[in-house]
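Engineer: Hey, dropping work23.pdb in here, PDB, C-alpha atoms, pLDDT in the B column:
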ATOM      1  CA  MET A   2     103.389 132.247 156.959  1.00 52.00           C
ATOM      2  CA  ALA A   3     107.137 132.865 157.329  1.00 60.00           C
ATOM      3  CA  ASP A   4     108.326 133.948 160.721  1.00 67.00           C
ATOM      4  CA  LYS A   5     109.937 137.380 160.273  1.00 81.00           C
ATOM      5  CA  ARG A   6     112.769 137.746 162.724  1.00 86.00           C
ATOM      6  CA  ILE A   7     114.548 141.004 163.349  1.00 92.00           C
ATOM      7  CA  MET A   8     118.320 140.881 162.843  1.00 91.00           C
ATOM      8  CA  THR A   9     120.603 141.782 165.674  1.00 94.00           C
ATOM      9  CA  PRO A  10     123.083 144.617 165.031  1.00 93.00           C
ATOM     10  CA  GLU A  11     125.874 142.016 164.849  1.00 96.00           C
ATOM     11  CA  GLU A  12     123.995 139.944 162.249  1.00 94.00           C
ATOM     12  CA  LYS A  13     123.270 143.063 160.228  1.00 95.00           C
ATOM     13  CA  ALA A  14     126.937 144.118 160.373  1.00 96.00           C
ATOM     14  CA  LEU A  15     128.045 140.639 159.260  1.00 97.00           C
ATOM     15  CA  LEU A  16     125.571 140.646 156.368  1.00 96.00           C
ATOM     16  CA  GLN A  17     126.724 144.105 155.276  1.00 97.00           C
ATOM     17  CA  ALA A  18     130.365 143.012 155.456  1.00 98.00           C
ATOM     18  CA  LYS A  19     129.544 139.952 153.364  1.00 98.00           C
ATOM     19  CA  HIS A  20     127.825 142.114 150.744  1.00 98.00           C
ATOM     20  CA  ARG A  21     130.759 144.548 150.664  1.00 98.00           C
ATOM     21  CA  GLN A  22     133.139 141.612 150.163  1.00 98.00           C
ATOM     22  CA  GLU A  23     130.994 140.218 147.326  1.00 98.00           C
ATOM     23  CA  GLU A  24     130.864 143.650 145.670  1.00 98.00           C
ATOM     24  CA  ALA A  25     134.659 144.020 145.951  1.00 98.00           C
ATOM     25  CA  GLU A  26     135.151 140.566 144.416  1.00 98.00           C
ATOM     26  CA  ALA A  27     132.752 141.430 141.575  1.00 98.00           C
ATOM     27  CA  ARG A  28     134.676 144.665 140.904  1.00 98.00           C
ATOM     28  CA  ASN A  29     137.953 142.728 140.828  1.00 98.00           C
ATOM     29  CA  ARG A  30     136.524 140.153 138.396  1.00 98.00           C
ATOM     30  CA  LYS A  31     135.332 142.979 136.129  1.00 98.00           C
ATOM     31  CA  LYS A  32     138.754 144.664 136.241  1.00 98.00           C
ATOM     32  CA  GLU A  33     140.403 141.359 135.319  1.00 98.00           C
ATOM     33  CA  ARG A  34     137.924 140.776 132.460  1.00 98.00           C
ATOM     34  CA  ASP A  35     138.410 144.322 131.175  1.00 98.00           C
ATOM     35  CA  ALA A  36     142.210 143.970 131.291  1.00 98.00           C
ATOM     36  CA  ARG A  37     142.040 140.642 129.444  1.00 98.00           C
ATOM     37  CA  THR A  38     139.695 142.071 126.817  1.00 98.00           C
ATOM     38  CA  HIS A  39     142.015 145.059 126.314  1.00 98.00           C
ATOM     39  CA  ARG A  40     145.022 142.758 125.944  1.00 98.00           C
ATOM     40  CA  LEU A  41     143.216 140.508 123.457  1.00 96.00           C
ATOM     41  CA  VAL A  42     142.135 143.480 121.352  1.00 97.00           C
ATOM     42  CA  GLN A  43     145.701 144.811 121.296  1.00 97.00           C
ATOM     43  CA  ASP A  44     147.129 141.380 120.464  1.00 94.00           C
ATOM     44  CA  GLY A  45     144.576 140.963 117.681  1.00 91.00           C
ATOM     45  CA  ALA A  46     145.461 144.363 116.228  1.00 94.00           C
ATOM     46  CA  ILE A  47     149.150 143.461 116.221  1.00 94.00           C
ATOM     47  CA  LEU A  48     148.404 140.115 114.593  1.00 89.00           C
ATOM     48  CA  GLU A  49     146.278 141.763 111.899  1.00 90.00           C
ATOM     49  CA  SER A  50     149.041 144.268 111.178  1.00 92.00           C
ATOM     50  CA  ILE A  51     151.546 141.432 110.664  1.00 86.00           C
ATOM     51  CA  VAL A  52     149.211 139.056 108.794  1.00 84.00           C
ATOM     52  CA  PRO A  53     146.508 141.253 107.190  1.00 88.00           C
ATOM     53  CA  HIS A  54     144.708 138.371 105.460  1.00 89.00           C
ATOM     54  CA  ILE A  55     143.717 136.759 108.773  1.00 87.00           C
ATOM     55  CA  LYS A  56     140.539 138.839 108.726  1.00 87.00           C
ATOM     56  CA  GLU A  57     139.137 136.383 106.177  1.00 91.00           C
ATOM     57  CA  MET A  58     140.397 133.230 107.946  1.00 91.00           C
ATOM     58  CA  ASP A  59     138.442 130.910 110.186  1.00 92.00           C
ATOM     59  CA  LEU A  60     140.001 129.928 113.511  1.00 91.00           C
ATOM     60  CA  ASP A  61     141.370 126.568 112.335  1.00 94.00           C
ATOM     61  CA  SER A  62     143.090 128.200 109.362  1.00 91.00           C
ATOM     62  CA  LEU A  63     144.513 130.885 111.605  1.00 88.00           C
ATOM     63  CA  LYS A  64     145.908 128.270 113.992  1.00 90.00           C
ATOM     64  CA  ARG A  65     147.530 126.379 111.107  1.00 90.00           C
ATOM     65  CA  GLU A  66     149.007 129.611 109.699  1.00 85.00           C
ATOM     66  CA  LEU A  67     150.465 130.554 113.066  1.00 86.00           C
ATOM     67  CA  MET A  68     151.915 127.095 113.625  1.00 90.00           C
ATOM     68  CA  ILE A  69     153.587 127.188 110.194  1.00 88.00           C
ATOM     69  CA  ARG A  70     155.020 130.653 110.899  1.00 83.00           C
ATOM     70  CA  LEU A  71     156.224 129.646 114.360  1.00 87.00           C
ATOM     71  CA  ARG A  72     157.927 126.486 113.061  1.00 90.00           C
ATOM     72  CA  GLY A  73     159.736 128.589 110.460  1.00 82.00           C
ATOM     73  CA  MET A  74     161.373 130.761 113.118  1.00 71.00           C
TER      74      MET A  74
END
Using structure tokens, write down the structure that the file contains.

Structural biologist:
Amino acid sequence: MADKRIMTPEEKALLQAKHRQEEAEARNRKKERDARTHRLVQDGAILESIVPHIKEMDLDSLKRELMIRLRGM
């Protein structure tokens, strides 16, 4: 059977601080993901407004189309 040891107040405080830090890091990662997702959606909307037929393109075709357009600039 596992030996159940009672945590000292210092150990408990350290564990709580560690959990708070992990929660803060998780919140920051979510904020970063949400910001990236928002940016990608906006960029995609702009791209679709400029090149409406991309909705029917696969990714390789889209890359080729963009490269052709960028070379023409």

Engineer: Provide the atom CA of Gln17 of chain A to atom CA of Arg34 of chain A distance in Å, to one decimal place.

Structural biologist: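 Value for the atom CA of Gln17 of chain A-atom CA of Arg34 of chain A distance: 25.6 Å.
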
Engineer: Can you pull out the residues contacting segment 48-52 of chain A? Cut-off 12 Å, using all atoms listed in the file, and skip same-chain residues under 6 positions away; I want them as a PDB file with C-alpha atoms, in the coordinates of the input.

Structural biologist:
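Dumped everything to result.pdb:
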ATOM      1  CA  LEU A  41     143.216 140.508 123.457  1.00 96.00           C
ATOM      2  CA  VAL A  42     142.135 143.480 121.352  1.00 97.00           C
ATOM      3  CA  MET A  58     140.397 133.230 107.946  1.00 91.00           C
ATOM      4  CA  LEU A  63     144.513 130.885 111.605  1.00 88.00           C
ATOM      5  CA  GLU A  66     149.007 129.611 109.699  1.00 85.00           C
ATOM      6  CA  LEU A  67     150.465 130.554 113.066  1.00 86.00           C
ATOM      7  CA  ARG A  70     155.020 130.653 110.899  1.00 83.00           C
TER       8      ARG A  70
END

Engineer: Measure the distance from atom CA of Met68 of chain A to atom CA of Gln43 of chain A in Å and round it to one decimal.

Structural biologist: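 Separation of atom CA of Met68 of chain A and atom CA of Gln43 of chain A: 20.3 Å.
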
Engineer: Would you give the centre and edge lengths, in Å to one decimal, of a box along x, y and z around the listed atoms of segment 22-37 of chain A, with 6 Å added to each side, as lines of an AutoDock Vina configuration file?

Structural biologist:
center_x = 136.5
center_y = 142.4
center_z = 139.8
size_x = 23.3
size_y = 16.5
size_z = 32.7

Engineer: If I take atom CA of Ala36 of chain A and atom CA of Pro53 of chain A, how far is one from the other in Å, to one decimal?

Structural biologist: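 Pair atom CA of Ala36 of chain A / atom CA of Pro53 of chain A returns 24.6 Å.
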